[in-house]
Amino acid sequence: NENMLYLGTDNGAYVSFDNGISWEVFSEGLPNVAVHDIVIQPKAKDLLIGTHGRSIYKTNIANLQAMNLEMKTNAITLFDMDAMRHSSRWGSSRSQYTEANEPETSIAFFSNASGKKTIKILSEKGNELNNMNVSADKGFNYVSYNLEITDKGRKALLKENPDLKINAASNGKYYLPKGVYTVQVGDTKT
């Protein structure tokens, strides 16, 4: 994105989406320290920031690179999610001394205003399988999702496809079976 600029200062890093007309703090996980070097790794779309005394900070900027004026006018812009490989071991542990294996994916979206948002996970036929209420910041947001579905969502999936087998995992949770799902992000209704 030729309109994007990155700037390192004695007090952190900044990003501009409009060729330097305005700047926003690049702060998620980056301490307020002197930035001595910034490099973009184009294939992986990673931004590497060399700081003074705090080592190297690495973050993926694929979603930042997709930033455009249309995104600033849309209430919510949802980014593509990586496909996940289903595992029958989700929710189980290898021994009594280890935590259960929980899957996790990130739901990335841009919001043009801060506030309460609801994230819904929907089946192919539009049935709600799970929902989460989150506090979104104005700008880029990343929400972790463990692929869990509610009991009501499980029943809706079984009604759509009676041949499915969705059993509770060892940790008592139900997880998404193999399939295609939709994520919706919208304002929380009060």
# chains A, B, ... in the order shown; residues from 1 in each chain; ligands from 1

$ residues_around --residues "region 104-117 of chain A" --least-positions-apart "3" --cutoff "6 Å" --atoms "only C-alpha atoms" --output "PyMOL selection string"
chain A and resi 72+75-79+133-146+186-188

$ residues_around --residues "Trp23 (chain A)" --least-positions-apart "3" --cutoff "12 Å" --atoms "only C-alpha atoms" --output "list in words"
Asn3, Met4, Leu5, Tyr6, Leu7, Gly8, Ala13, Tyr14, Val15, Ser16, Phe17, Asp18, Asn19, Gly20 and Phe26 of chain A

$ write_last_selection --atoms "N, CA, C and O atoms" --output "CSV table (one decimal), in the first residue's frame"
chain,number,residue,atom,x,y,z
A,3,ASN,N,0.3,4.3,0.1
A,3,ASN,CA,-0.1,5.4,1.0
A,3,ASN,C,0.3,5.2,2.4
A,3,ASN,O,0.1,6.1,3.2
A,4,MET,N,0.9,4.1,2.8
A,4,MET,CA,1.3,3.8,4.2
A,4,MET,C,2.7,4.2,4.4
A,4,MET,O,3.6,3.8,3.6
A,5,LEU,N,2.9,4.8,5.6
A,5,LEU,CA,4.3,5.1,6.0
A,5,LEU,C,4.4,4.7,7.5
A,5,LEU,O,3.4,4.7,8.2
A,6,TYR,N,5.6,4.2,7.8
A,6,TYR,CA,5.9,3.9,9.2
A,6,TYR,C,7.0,4.8,9.7
A,6,TYR,O,7.9,5.1,9.0
A,7,LEU,N,6.9,5.2,10.9
A,7,LEU,CA,7.9,6.1,11.5
A,7,LEU,C,8.3,5.6,12.9
A,7,LEU,O,7.5,5.3,13.7
A,8,GLY,N,9.6,5.6,13.1
A,8,GLY,CA,10.1,5.3,14.4
A,8,GLY,C,10.7,6.5,15.1
A,8,GLY,O,11.4,7.3,14.4
A,13,ALA,N,6.5,4.0,17.8
A,13,ALA,CA,6.3,3.9,16.4
A,13,ALA,C,5.0,4.5,16.0
A,13,ALA,O,4.0,4.4,16.8
A,14,TYR,N,4.9,5.0,14.8
A,14,TYR,CA,3.6,5.5,14.3
A,14,TYR,C,3.4,5.0,12.9
A,14,TYR,O,4.3,4.6,12.2
A,15,VAL,N,2.1,5.0,12.4
A,15,VAL,CA,1.8,4.6,11.1
A,15,VAL,C,0.8,5.7,10.5
A,15,VAL,O,0.0,6.2,11.2
A,16,SER,N,1.0,5.9,9.2
A,16,SER,CA,0.2,6.9,8.5
A,16,SER,C,-0.5,6.1,7.3
A,16,SER,O,0.2,5.4,6.6
A,17,PHE,N,-1.8,6.3,7.2
A,17,PHE,CA,-2.5,5.6,6.1
A,17,PHE,C,-2.8,6.6,4.9
A,17,PHE,O,-3.3,6.2,3.9
A,18,ASP,N,-2.3,7.8,5.1
A,18,ASP,CA,-2.6,8.8,4.0
A,18,ASP,C,-1.3,9.6,3.6
A,18,ASP,O,-1.4,10.8,3.5
A,19,ASN,N,-0.2,8.9,3.4
A,19,ASN,CA,1.0,9.5,3.0
A,19,ASN,C,1.6,10.5,3.9
A,19,ASN,O,2.2,11.5,3.5
A,20,GLY,N,1.4,10.4,5.2
A,20,GLY,CA,2.0,11.3,6.2
A,20,GLY,C,1.1,12.5,6.6
A,20,GLY,O,1.6,13.3,7.3
A,26,PHE,N,1.3,3.4,16.8
A,26,PHE,CA,1.5,1.9,16.6
A,26,PHE,C,1.9,1.3,17.9
A,26,PHE,O,3.0,1.2,18.2

$ closest_residue --among "A:Leu47, A:Ala168, A:Val183, A:Ala100" --to "Glu128 (chain A)" --atoms "only C-alpha atoms"
A:Val183

$ residues_around --residues "region 90-93 of chain A" --least-positions-apart "6" --cutoff "8 Å" --atoms "only C-alpha atoms" --output "MDAnalysis selection string"
chainID A and resid 99:103 169:173 175

$ write_last_selection --atoms "all heavy atoms" --output "PDB file, in the first residue's frame"
ATOM      1  N   GLU A  99      -3.079 -29.234  30.497  1.00  0.00           N
ATOM      2  CA  GLU A  99      -4.310 -28.537  30.137  1.00  0.00           C
ATOM      3  C   GLU A  99      -4.922 -29.157  28.881  1.00  0.00           C
ATOM      4  O   GLU A  99      -4.222 -29.756  28.068  1.00  0.00           O
ATOM      5  CB  GLU A  99      -4.020 -27.060  29.867  1.00  0.00           C
ATOM      6  CG  GLU A  99      -3.530 -26.291  31.086  1.00  0.00           C
ATOM      7  CD  GLU A  99      -4.641 -26.011  32.074  1.00  0.00           C
ATOM      8  OE1 GLU A  99      -5.768 -25.733  31.629  1.00  0.00           O
ATOM      9  OE2 GLU A  99      -4.372 -26.076  33.283  1.00  0.00           O
ATOM     10  N   ALA A 100      -6.204 -28.967  28.715  1.00  0.00           N
ATOM     11  CA  ALA A 100      -6.892 -29.457  27.518  1.00  0.00           C
ATOM     12  C   ALA A 100      -6.403 -28.685  26.294  1.00  0.00           C
ATOM     13  O   ALA A 100      -6.113 -27.491  26.368  1.00  0.00           O
ATOM     14  CB  ALA A 100      -8.397 -29.296  27.673  1.00  0.00           C
ATOM     15  N   ASN A 101      -6.303 -29.384  25.177  1.00  0.00           N
ATOM     16  CA  ASN A 101      -5.891 -28.783  23.913  1.00  0.00           C
ATOM     17  C   ASN A 101      -7.046 -27.958  23.362  1.00  0.00           C
ATOM     18  O   ASN A 101      -8.032 -28.499  22.906  1.00  0.00           O
ATOM     19  CB  ASN A 101      -5.500 -29.898  22.933  1.00  0.00           C
ATOM     20  CG  ASN A 101      -5.189 -29.379  21.555  1.00  0.00           C
ATOM     21  OD1 ASN A 101      -4.849 -28.220  21.378  1.00  0.00           O
ATOM     22  ND2 ASN A 101      -5.319 -30.247  20.564  1.00  0.00           N
ATOM     23  N   GLU A 102      -6.933 -26.629  23.442  1.00  0.00           N
ATOM     24  CA  GLU A 102      -7.991 -25.732  22.967  1.00  0.00           C
ATOM     25  C   GLU A 102      -7.575 -25.137  21.627  1.00  0.00           C
ATOM     26  O   GLU A 102      -6.510 -24.547  21.522  1.00  0.00           O
ATOM     27  CB  GLU A 102      -8.221 -24.584  23.960  1.00  0.00           C
ATOM     28  CG  GLU A 102      -8.904 -25.008  25.227  1.00  0.00           C
ATOM     29  CD  GLU A 102     -10.335 -24.518  25.321  1.00  0.00           C
ATOM     30  OE1 GLU A 102     -10.823 -23.849  24.407  1.00  0.00           O
ATOM     31  OE2 GLU A 102     -10.966 -24.825  26.335  1.00  0.00           O
ATOM     32  N   PRO A 103      -8.408 -25.266  20.609  1.00  0.00           N
ATOM     33  CA  PRO A 103      -8.092 -24.603  19.348  1.00  0.00           C
ATOM     34  C   PRO A 103      -8.265 -23.098  19.519  1.00  0.00           C
ATOM     35  O   PRO A 103      -8.938 -22.640  20.447  1.00  0.00           O
ATOM     36  CB  PRO A 103      -9.135 -25.166  18.385  1.00  0.00           C
ATOM     37  CG  PRO A 103     -10.298 -25.492  19.257  1.00  0.00           C
ATOM     38  CD  PRO A 103      -9.702 -25.949  20.568  1.00  0.00           C
ATOM     39  N   ALA A 169     -16.453 -32.630  24.232  1.00  0.00           N
ATOM     40  CA  ALA A 169     -15.052 -33.006  24.404  1.00  0.00           C
ATOM     41  C   ALA A 169     -14.808 -33.334  25.875  1.00  0.00           C
ATOM     42  O   ALA A 169     -15.695 -33.146  26.724  1.00  0.00           O
ATOM     43  CB  ALA A 169     -14.159 -31.857  23.956  1.00  0.00           C
ATOM     44  N   SER A 170     -13.625 -33.798  26.190  1.00  0.00           N
ATOM     45  CA  SER A 170     -13.293 -34.158  27.573  1.00  0.00           C
ATOM     46  C   SER A 170     -13.454 -32.991  28.536  1.00  0.00           C
ATOM     47  O   SER A 170     -13.747 -33.189  29.710  1.00  0.00           O
ATOM     48  CB  SER A 170     -11.851 -34.676  27.645  1.00  0.00           C
ATOM     49  OG  SER A 170     -11.717 -35.841  26.864  1.00  0.00           O
ATOM     50  N   ASN A 171     -13.275 -31.768  28.035  1.00  0.00           N
ATOM     51  CA  ASN A 171     -13.411 -30.601  28.902  1.00  0.00           C
ATOM     52  C   ASN A 171     -14.856 -30.119  28.998  1.00  0.00           C
ATOM     53  O   ASN A 171     -15.142 -29.077  29.573  1.00  0.00           O
ATOM     54  CB  ASN A 171     -12.496 -29.464  28.440  1.00  0.00           C
ATOM     55  CG  ASN A 171     -12.834 -28.957  27.051  1.00  0.00           C
ATOM     56  OD1 ASN A 171     -13.741 -29.451  26.383  1.00  0.00           O
ATOM     57  ND2 ASN A 171     -12.083 -27.962  26.610  1.00  0.00           N
ATOM     58  N   GLY A 172     -15.802 -30.866  28.399  1.00  0.00           N
ATOM     59  CA  GLY A 172     -17.215 -30.552  28.491  1.00  0.00           C
ATOM     60  C   GLY A 172     -17.719 -29.560  27.454  1.00  0.00           C
ATOM     61  O   GLY A 172     -18.890 -29.202  27.455  1.00  0.00           O
ATOM     62  N   LYS A 173     -16.853 -29.110  26.545  1.00  0.00           N
ATOM     63  CA  LYS A 173     -17.256 -28.124  25.541  1.00  0.00           C
ATOM     64  C   LYS A 173     -17.575 -28.806  24.218  1.00  0.00           C
ATOM     65  O   LYS A 173     -17.097 -29.891  23.930  1.00  0.00           O
ATOM     66  CB  LYS A 173     -16.130 -27.107  25.320  1.00  0.00           C
ATOM     67  CG  LYS A 173     -15.818 -26.269  26.546  1.00  0.00           C
ATOM     68  CD  LYS A 173     -14.685 -25.307  26.270  1.00  0.00           C
ATOM     69  CE  LYS A 173     -14.369 -24.481  27.507  1.00  0.00           C
ATOM     70  NZ  LYS A 173     -13.251 -23.549  27.249  1.00  0.00           N
ATOM     71  N   TYR A 175     -17.271 -28.254  20.093  1.00  0.00           N
ATOM     72  CA  TYR A 175     -16.487 -27.482  19.129  1.00  0.00           C
ATOM     73  C   TYR A 175     -17.085 -27.628  17.734  1.00  0.00           C
ATOM     74  O   TYR A 175     -17.779 -28.592  17.429  1.00  0.00           O
ATOM     75  CB  TYR A 175     -15.029 -27.957  19.128  1.00  0.00           C
ATOM     76  CG  TYR A 175     -14.324 -27.658  20.423  1.00  0.00           C
ATOM     77  CD1 TYR A 175     -14.128 -28.648  21.383  1.00  0.00           C
ATOM     78  CD2 TYR A 175     -13.857 -26.382  20.693  1.00  0.00           C
ATOM     79  CE1 TYR A 175     -13.490 -28.375  22.578  1.00  0.00           C
ATOM     80  CE2 TYR A 175     -13.218 -26.095  21.885  1.00  0.00           C
ATOM     81  CZ  TYR A 175     -13.033 -27.094  22.823  1.00  0.00           C
ATOM     82  OH  TYR A 175     -12.403 -26.814  24.012  1.00  0.00           O
TER      83      TYR A 175
END

$ select_by_dssp --residues "region 4-167 of chain A" --states "strand (DSSP E or B)" --output "tab-separated table (two decimals) with N, CA, C and O atoms, in the first residue's frame"
chain	number	residue	atom	x	y	z
A	5	LEU	N	2.92	4.80	5.55
A	5	LEU	CA	4.26	5.13	6.01
A	5	LEU	C	4.40	4.68	7.45
A	5	LEU	O	3.45	4.75	8.23
A	6	TYR	N	5.61	4.24	7.81
A	6	TYR	CA	5.91	3.86	9.19
A	6	TYR	C	7.00	4.78	9.69
A	6	TYR	O	7.93	5.12	8.95
A	7	LEU	N	6.92	5.18	10.95
A	7	LEU	CA	7.87	6.12	11.52
A	7	LEU	C	8.30	5.64	12.89
A	7	LEU	O	7.46	5.33	13.74
A	8	GLY	N	9.60	5.59	13.11
A	8	GLY	CA	10.14	5.27	14.42
A	8	GLY	C	10.68	6.53	15.06
A	8	GLY	O	11.36	7.32	14.41
A	9	THR	N	10.35	6.74	16.33
A	9	THR	CA	10.80	7.93	17.06
A	9	THR	C	11.47	7.50	18.36
A	9	THR	O	11.58	6.30	18.65
A	12	GLY	N	8.50	5.58	20.45
A	12	GLY	CA	7.61	4.57	19.88
A	12	GLY	C	7.52	4.67	18.37
A	12	GLY	O	8.31	5.34	17.72
A	13	ALA	N	6.52	3.99	17.82
A	13	ALA	CA	6.34	3.92	16.37
A	13	ALA	C	4.96	4.45	16.01
A	13	ALA	O	4.02	4.39	16.80
A	14	TYR	N	4.86	4.96	14.77
A	14	TYR	CA	3.63	5.53	14.26
A	14	TYR	C	3.39	5.02	12.85
A	14	TYR	O	4.32	4.64	12.15
A	15	VAL	N	2.12	5.04	12.44
A	15	VAL	CA	1.76	4.62	11.09
A	15	VAL	C	0.83	5.67	10.50
A	15	VAL	O	-0.01	6.25	11.20
A	16	SER	N	1.03	5.95	9.22
A	16	SER	CA	0.17	6.87	8.49
A	16	SER	C	-0.47	6.10	7.34
A	16	SER	O	0.21	5.38	6.61
A	24	GLU	N	-1.02	7.77	13.36
A	24	GLU	CA	-1.64	7.08	14.48
A	24	GLU	C	-0.56	6.29	15.21
A	24	GLU	O	0.38	5.79	14.59
A	25	VAL	N	-0.71	6.18	16.54
A	25	VAL	CA	0.27	5.46	17.34
A	25	VAL	C	0.20	3.98	17.01
A	25	VAL	O	-0.88	3.39	16.93
A	26	PHE	N	1.35	3.37	16.80
A	26	PHE	CA	1.46	1.94	16.55
A	26	PHE	C	1.85	1.33	17.90
A	26	PHE	O	3.02	1.20	18.21
A	35	VAL	N	12.76	3.71	18.81
A	35	VAL	CA	12.76	2.80	17.66
A	35	VAL	C	13.92	3.20	16.75
A	35	VAL	O	13.99	4.34	16.29
A	36	HIS	N	14.85	2.26	16.52
A	36	HIS	CA	16.04	2.56	15.74
A	36	HIS	C	15.98	2.03	14.31
A	36	HIS	O	16.72	2.50	13.45
A	37	ASP	N	15.13	1.06	14.04
A	37	ASP	CA	15.09	0.49	12.70
A	37	ASP	C	13.72	-0.13	12.44
A	37	ASP	O	13.10	-0.70	13.34
A	38	ILE	N	13.25	0.02	11.20
A	38	ILE	CA	11.98	-0.59	10.78
A	38	ILE	C	12.20	-1.24	9.43
A	38	ILE	O	12.74	-0.61	8.51
A	39	VAL	N	11.80	-2.50	9.31
A	39	VAL	CA	11.95	-3.25	8.05
A	39	VAL	C	10.64	-3.98	7.77
A	39	VAL	O	10.04	-4.55	8.68
A	40	ILE	N	10.23	-3.98	6.51
A	40	ILE	CA	9.06	-4.76	6.09
A	40	ILE	C	9.55	-6.01	5.38
A	40	ILE	O	10.37	-5.92	4.46
A	41	GLN	N	9.07	-7.17	5.81
A	41	GLN	CA	9.37	-8.43	5.13
A	41	GLN	C	8.19	-8.66	4.19
A	41	GLN	O	7.10	-9.04	4.62
A	46	ASP	N	5.30	-9.06	7.27
A	46	ASP	CA	5.64	-8.78	8.66
A	46	ASP	C	6.38	-7.46	8.75
A	46	ASP	O	7.17	-7.12	7.87
A	47	LEU	N	6.11	-6.72	9.81
A	47	LEU	CA	6.84	-5.50	10.12
A	47	LEU	C	7.75	-5.82	11.28
A	47	LEU	O	7.31	-6.32	12.31
A	48	LEU	N	9.05	-5.54	11.11
A	48	LEU	CA	10.04	-5.78	12.16
A	48	LEU	C	10.52	-4.43	12.65
A	48	LEU	O	10.95	-3.58	11.85
A	49	ILE	N	10.45	-4.22	13.96
A	49	ILE	CA	10.84	-2.95	14.57
A	49	ILE	C	11.97	-3.23	15.56
A	49	ILE	O	11.80	-4.00	16.49
A	50	GLY	N	13.12	-2.61	15.31
A	50	GLY	CA	14.26	-2.72	16.22
A	50	GLY	C	14.20	-1.59	17.24
A	50	GLY	O	14.18	-0.42	16.88
A	51	THR	N	14.13	-1.95	18.52
A	51	THR	CA	14.01	-0.94	19.58
A	51	THR	C	15.29	-0.86	20.40
A	51	THR	O	16.14	-1.76	20.35
A	56	ILE	N	13.50	-6.92	19.47
A	56	ILE	CA	12.83	-6.76	18.19
A	56	ILE	C	11.35	-7.08	18.34
A	56	ILE	O	10.97	-8.06	18.97
A	57	TYR	N	10.52	-6.25	17.76
A	57	TYR	CA	9.07	-6.43	17.77
A	57	TYR	C	8.68	-6.86	16.36
A	57	TYR	O	9.11	-6.27	15.38
A	58	LYS	N	7.86	-7.91	16.26
A	58	LYS	CA	7.42	-8.41	14.95
A	58	LYS	C	5.91	-8.49	14.96
A	58	LYS	O	5.31	-9.02	15.90
A	59	THR	N	5.29	-7.99	13.90
A	59	THR	CA	3.84	-8.08	13.77
A	59	THR	C	3.47	-8.23	12.30
A	59	THR	O	4.18	-7.72	11.43
A	60	ASN	N	2.39	-8.92	12.05
A	60	ASN	CA	1.92	-9.08	10.68
A	60	ASN	C	1.10	-7.85	10.30
A	60	ASN	O	0.22	-7.42	11.04
A	76	ILE	N	-17.95	-1.50	10.06
A	76	ILE	CA	-17.11	-2.67	10.36
A	76	ILE	C	-16.56	-3.24	9.06
A	76	ILE	O	-17.30	-3.38	8.09
A	77	THR	N	-15.28	-3.55	9.05
A	77	THR	CA	-14.67	-4.29	7.95
A	77	THR	C	-14.05	-5.55	8.56
A	77	THR	O	-13.17	-5.46	9.41
A	78	LEU	N	-14.53	-6.70	8.14
A	78	LEU	CA	-14.04	-7.97	8.65
A	78	LEU	C	-12.98	-8.51	7.69
A	78	LEU	O	-13.18	-8.50	6.48
A	105	THR	N	-8.37	-19.32	17.02
A	105	THR	CA	-8.19	-18.54	15.80
A	105	THR	C	-8.44	-17.09	16.17
A	105	THR	O	-9.01	-16.79	17.22
A	106	SER	N	-8.02	-16.20	15.30
A	106	SER	CA	-8.18	-14.78	15.56
A	106	SER	C	-9.20	-14.20	14.57
A	106	SER	O	-9.13	-14.45	13.38
A	107	ILE	N	-10.14	-13.43	15.10
A	107	ILE	CA	-11.11	-12.72	14.28
A	107	ILE	C	-10.64	-11.28	14.22
A	107	ILE	O	-10.59	-10.58	15.25
A	108	ALA	N	-10.24	-10.84	13.03
A	108	ALA	CA	-9.69	-9.50	12.86
A	108	ALA	C	-10.70	-8.62	12.13
A	108	ALA	O	-11.27	-9.03	11.12
A	109	PHE	N	-10.92	-7.42	12.68
A	109	PHE	CA	-11.83	-6.48	12.03
A	109	PHE	C	-11.41	-5.05	12.32
A	109	PHE	O	-10.71	-4.77	13.29
A	110	PHE	N	-11.83	-4.15	11.44
A	110	PHE	CA	-11.60	-2.72	11.61
A	110	PHE	C	-12.93	-2.08	11.94
A	110	PHE	O	-13.94	-2.33	11.28
A	111	SER	N	-12.95	-1.25	12.97
A	111	SER	CA	-14.16	-0.55	13.38
A	111	SER	C	-13.92	0.95	13.26
A	111	SER	O	-12.88	1.44	13.69
A	115	GLY	N	-16.70	0.96	20.79
A	115	GLY	CA	-17.98	0.63	21.42
A	115	GLY	C	-18.16	-0.87	21.55
A	115	GLY	O	-17.30	-1.65	21.17
A	116	LYS	N	-19.29	-1.24	22.10
A	116	LYS	CA	-19.61	-2.66	22.29
A	116	LYS	C	-20.03	-3.27	20.97
A	116	LYS	O	-20.88	-2.73	20.26
A	117	LYS	N	-19.44	-4.42	20.64
A	117	LYS	CA	-19.76	-5.14	19.41
A	117	LYS	C	-20.13	-6.58	19.76
A	117	LYS	O	-19.67	-7.12	20.77
A	118	THR	N	-20.95	-7.18	18.92
A	118	THR	CA	-21.31	-8.58	19.07
A	118	THR	C	-20.75	-9.34	17.87
A	118	THR	O	-20.96	-8.94	16.73
A	119	ILE	N	-20.03	-10.40	18.17
A	119	ILE	CA	-19.49	-11.28	17.13
A	119	ILE	C	-20.32	-12.55	17.14
A	119	ILE	O	-20.48	-13.19	18.18
A	120	LYS	N	-20.89	-12.89	15.99
A	120	LYS	CA	-21.71	-14.09	15.87
A	120	LYS	C	-21.03	-15.09	14.93
A	120	LYS	O	-20.52	-14.72	13.89
A	121	ILE	N	-21.07	-16.36	15.32
A	121	ILE	CA	-20.61	-17.46	14.49
A	121	ILE	C	-21.87	-18.14	13.96
A	121	ILE	O	-22.71	-18.59	14.74
A	122	LEU	N	-21.98	-18.21	12.63
A	122	LEU	CA	-23.19	-18.74	12.00
A	122	LEU	C	-22.88	-19.98	11.16
A	122	LEU	O	-21.81	-20.09	10.57
A	128	GLU	N	-27.32	-19.32	14.42
A	128	GLU	CA	-26.29	-18.84	15.34
A	128	GLU	C	-25.75	-20.00	16.17
A	128	GLU	O	-26.50	-20.69	16.86
A	129	LEU	N	-24.44	-20.17	16.14
A	129	LEU	CA	-23.79	-21.25	16.86
A	129	LEU	C	-23.11	-20.76	18.13
A	129	LEU	O	-22.92	-21.53	19.07
A	130	ASN	N	-22.71	-19.51	18.13
A	130	ASN	CA	-22.08	-18.89	19.30
A	130	ASN	C	-22.08	-17.39	19.09
A	130	ASN	O	-22.20	-16.92	17.96
A	131	ASN	N	-21.95	-16.64	20.18
A	131	ASN	CA	-21.77	-15.20	20.06
A	131	ASN	C	-20.91	-14.70	21.20
A	131	ASN	O	-20.85	-15.32	22.26
A	132	MET	N	-20.23	-13.60	20.95
A	132	MET	CA	-19.35	-12.99	21.95
A	132	MET	C	-19.59	-11.49	21.94
A	132	MET	O	-19.69	-10.89	20.88
A	133	ASN	N	-19.65	-10.90	23.11
A	133	ASN	CA	-19.71	-9.44	23.23
A	133	ASN	C	-18.31	-8.95	23.55
A	133	ASN	O	-17.66	-9.46	24.47
A	134	VAL	N	-17.84	-7.97	22.78
A	134	VAL	CA	-16.50	-7.43	22.97
A	134	VAL	C	-16.54	-5.92	22.98
A	134	VAL	O	-17.46	-5.31	22.44
A	135	SER	N	-15.56	-5.32	23.61
A	135	SER	CA	-15.38	-3.87	23.56
A	135	SER	C	-14.37	-3.59	22.45
A	135	SER	O	-13.20	-3.95	22.58
A	136	ALA	N	-14.81	-2.97	21.38
A	136	ALA	CA	-13.95	-2.71	20.23
A	136	ALA	C	-13.36	-1.31	20.33
A	136	ALA	O	-14.02	-0.37	20.77
A	139	GLY	N	-10.49	1.46	15.14
A	139	GLY	CA	-9.30	0.98	14.45
A	139	GLY	C	-9.31	-0.53	14.34
A	139	GLY	O	-10.37	-1.16	14.25
A	140	PHE	N	-8.13	-1.13	14.36
A	140	PHE	CA	-7.97	-2.57	14.18
A	140	PHE	C	-8.20	-3.31	15.48
A	140	PHE	O	-7.70	-2.90	16.53
A	141	ASN	N	-8.96	-4.41	15.41
A	141	ASN	CA	-9.29	-5.22	16.58
A	141	ASN	C	-9.03	-6.68	16.26
A	141	ASN	O	-9.31	-7.13	15.14
A	142	TYR	N	-8.54	-7.41	17.26
A	142	TYR	CA	-8.24	-8.84	17.11
A	142	TYR	C	-8.85	-9.56	18.30
A	142	TYR	O	-8.51	-9.28	19.45
A	143	VAL	N	-9.77	-10.48	18.03
A	143	VAL	CA	-10.46	-11.22	19.08
A	143	VAL	C	-10.15	-12.70	18.93
A	143	VAL	O	-10.29	-13.26	17.85
A	144	SER	N	-9.73	-13.34	20.02
A	144	SER	CA	-9.46	-14.78	20.00
A	144	SER	C	-10.76	-15.54	20.12
A	144	SER	O	-11.64	-15.18	20.91
A	145	TYR	N	-10.87	-16.61	19.34
A	145	TYR	CA	-12.06	-17.46	19.38
A	145	TYR	C	-11.59	-18.91	19.43
A	145	TYR	O	-10.78	-19.34	18.62
A	148	GLU	N	-15.54	-22.86	20.01
A	148	GLU	CA	-16.59	-23.48	20.82
A	148	GLU	C	-17.97	-23.05	20.29
A	148	GLU	O	-18.16	-21.94	19.81
A	149	ILE	N	-18.92	-23.98	20.41
A	149	ILE	CA	-20.31	-23.66	20.09
A	149	ILE	C	-21.15	-23.91	21.33
A	149	ILE	O	-20.79	-24.71	22.20

$ select_by_dssp --residues "chain A" --states "alpha helix (DSSP H)" --output "short mmCIF file (atom, residue, chain, number, x, y, z; two decimals) with N, CA, C and O atoms, in the first residue's frame"
data_model
loop_
_atom_site.label_atom_id
_atom_site.label_comp_id
_atom_site.auth_asym_id
_atom_site.auth_seq_id
_atom_site.Cartn_x
_atom_site.Cartn_y
_atom_site.Cartn_z
N ALA A 62 -0.52 -7.51 7.18
CA ALA A 62 -1.37 -7.80 6.01
C ALA A 62 -2.68 -7.01 6.09
O ALA A 62 -3.12 -6.43 5.09
N ASN A 63 -3.32 -6.97 7.25
CA ASN A 63 -4.57 -6.24 7.39
C ASN A 63 -4.35 -4.73 7.30
O ASN A 63 -5.18 -4.02 6.72
N LEU A 64 -3.25 -4.24 7.85
CA LEU A 64 -2.94 -2.81 7.74
C LEU A 64 -2.75 -2.43 6.28
O LEU A 64 -3.19 -1.37 5.84
N GLN A 65 -2.08 -3.29 5.51
CA GLN A 65 -1.81 -3.01 4.11
C GLN A 65 -3.11 -2.94 3.29
O GLN A 65 -3.15 -2.32 2.25
N LEU A 69 -9.75 4.03 2.03
CA LEU A 69 -10.75 5.01 2.47
C LEU A 69 -12.11 4.39 2.72
O LEU A 69 -12.85 4.81 3.60
N GLU A 70 -12.47 3.37 1.94
CA GLU A 70 -13.76 2.72 2.11
C GLU A 70 -13.88 2.10 3.51
O GLU A 70 -14.94 2.14 4.13
N MET A 71 -12.77 1.55 4.01
CA MET A 71 -12.80 0.96 5.34
C MET A 71 -13.12 1.99 6.41
O MET A 71 -13.79 1.69 7.39
N LYS A 72 -12.65 3.22 6.23
CA LYS A 72 -12.90 4.25 7.24
C LYS A 72 -14.36 4.69 7.25
O LYS A 72 -14.85 5.19 8.25
N THR A 73 -15.07 4.49 6.14
CA THR A 73 -16.49 4.88 6.10
C THR A 73 -17.41 3.74 6.50
O THR A 73 -18.52 3.98 6.95
N ASP A 151 -24.64 -25.07 23.43
CA ASP A 151 -25.52 -26.23 23.33
C ASP A 151 -26.66 -25.94 22.35
O ASP A 151 -27.05 -26.80 21.56
N LYS A 152 -27.19 -24.70 22.39
CA LYS A 152 -28.24 -24.29 21.45
C LYS A 152 -27.71 -24.33 20.01
O LYS A 152 -28.40 -24.78 19.09
N GLY A 153 -26.47 -23.89 19.81
CA GLY A 153 -25.84 -23.95 18.49
C GLY A 153 -25.64 -25.37 18.02
O GLY A 153 -25.85 -25.70 16.85
N ARG A 154 -25.26 -26.24 18.94
CA ARG A 154 -25.09 -27.68 18.62
C ARG A 154 -26.41 -28.26 18.14
O ARG A 154 -26.47 -28.97 17.13
N LYS A 155 -27.49 -27.95 18.86
CA LYS A 155 -28.81 -28.47 18.47
C LYS A 155 -29.24 -27.95 17.10
O LYS A 155 -29.82 -28.68 16.30
N ALA A 156 -28.92 -26.67 16.81
CA ALA A 156 -29.26 -26.09 15.50
C ALA A 156 -28.49 -26.80 14.39
O ALA A 156 -29.05 -27.09 13.33
N LEU A 157 -27.21 -27.10 14.62
CA LEU A 157 -26.42 -27.82 13.62
C LEU A 157 -26.95 -29.24 13.40
O LEU A 157 -27.01 -29.71 12.26
N LEU A 158 -27.32 -29.91 14.48
CA LEU A 158 -27.85 -31.27 14.36
C LEU A 158 -29.19 -31.28 13.64
O LEU A 158 -29.52 -32.23 12.92
N LYS A 159 -29.97 -30.21 13.81
CA LYS A 159 -31.24 -30.10 13.10
C LYS A 159 -31.00 -29.90 11.60
O LYS A 159 -31.72 -30.44 10.77
N GLU A 160 -29.95 -29.10 11.26
CA GLU A 160 -29.59 -28.88 9.86
C GLU A 160 -29.10 -30.16 9.21
O GLU A 160 -29.38 -30.43 8.05
#

$ atom_distance --atom1 "CA of His86 (chain A)" --atom2 "CA of Tyr174 (chain A)"
12.8 Å
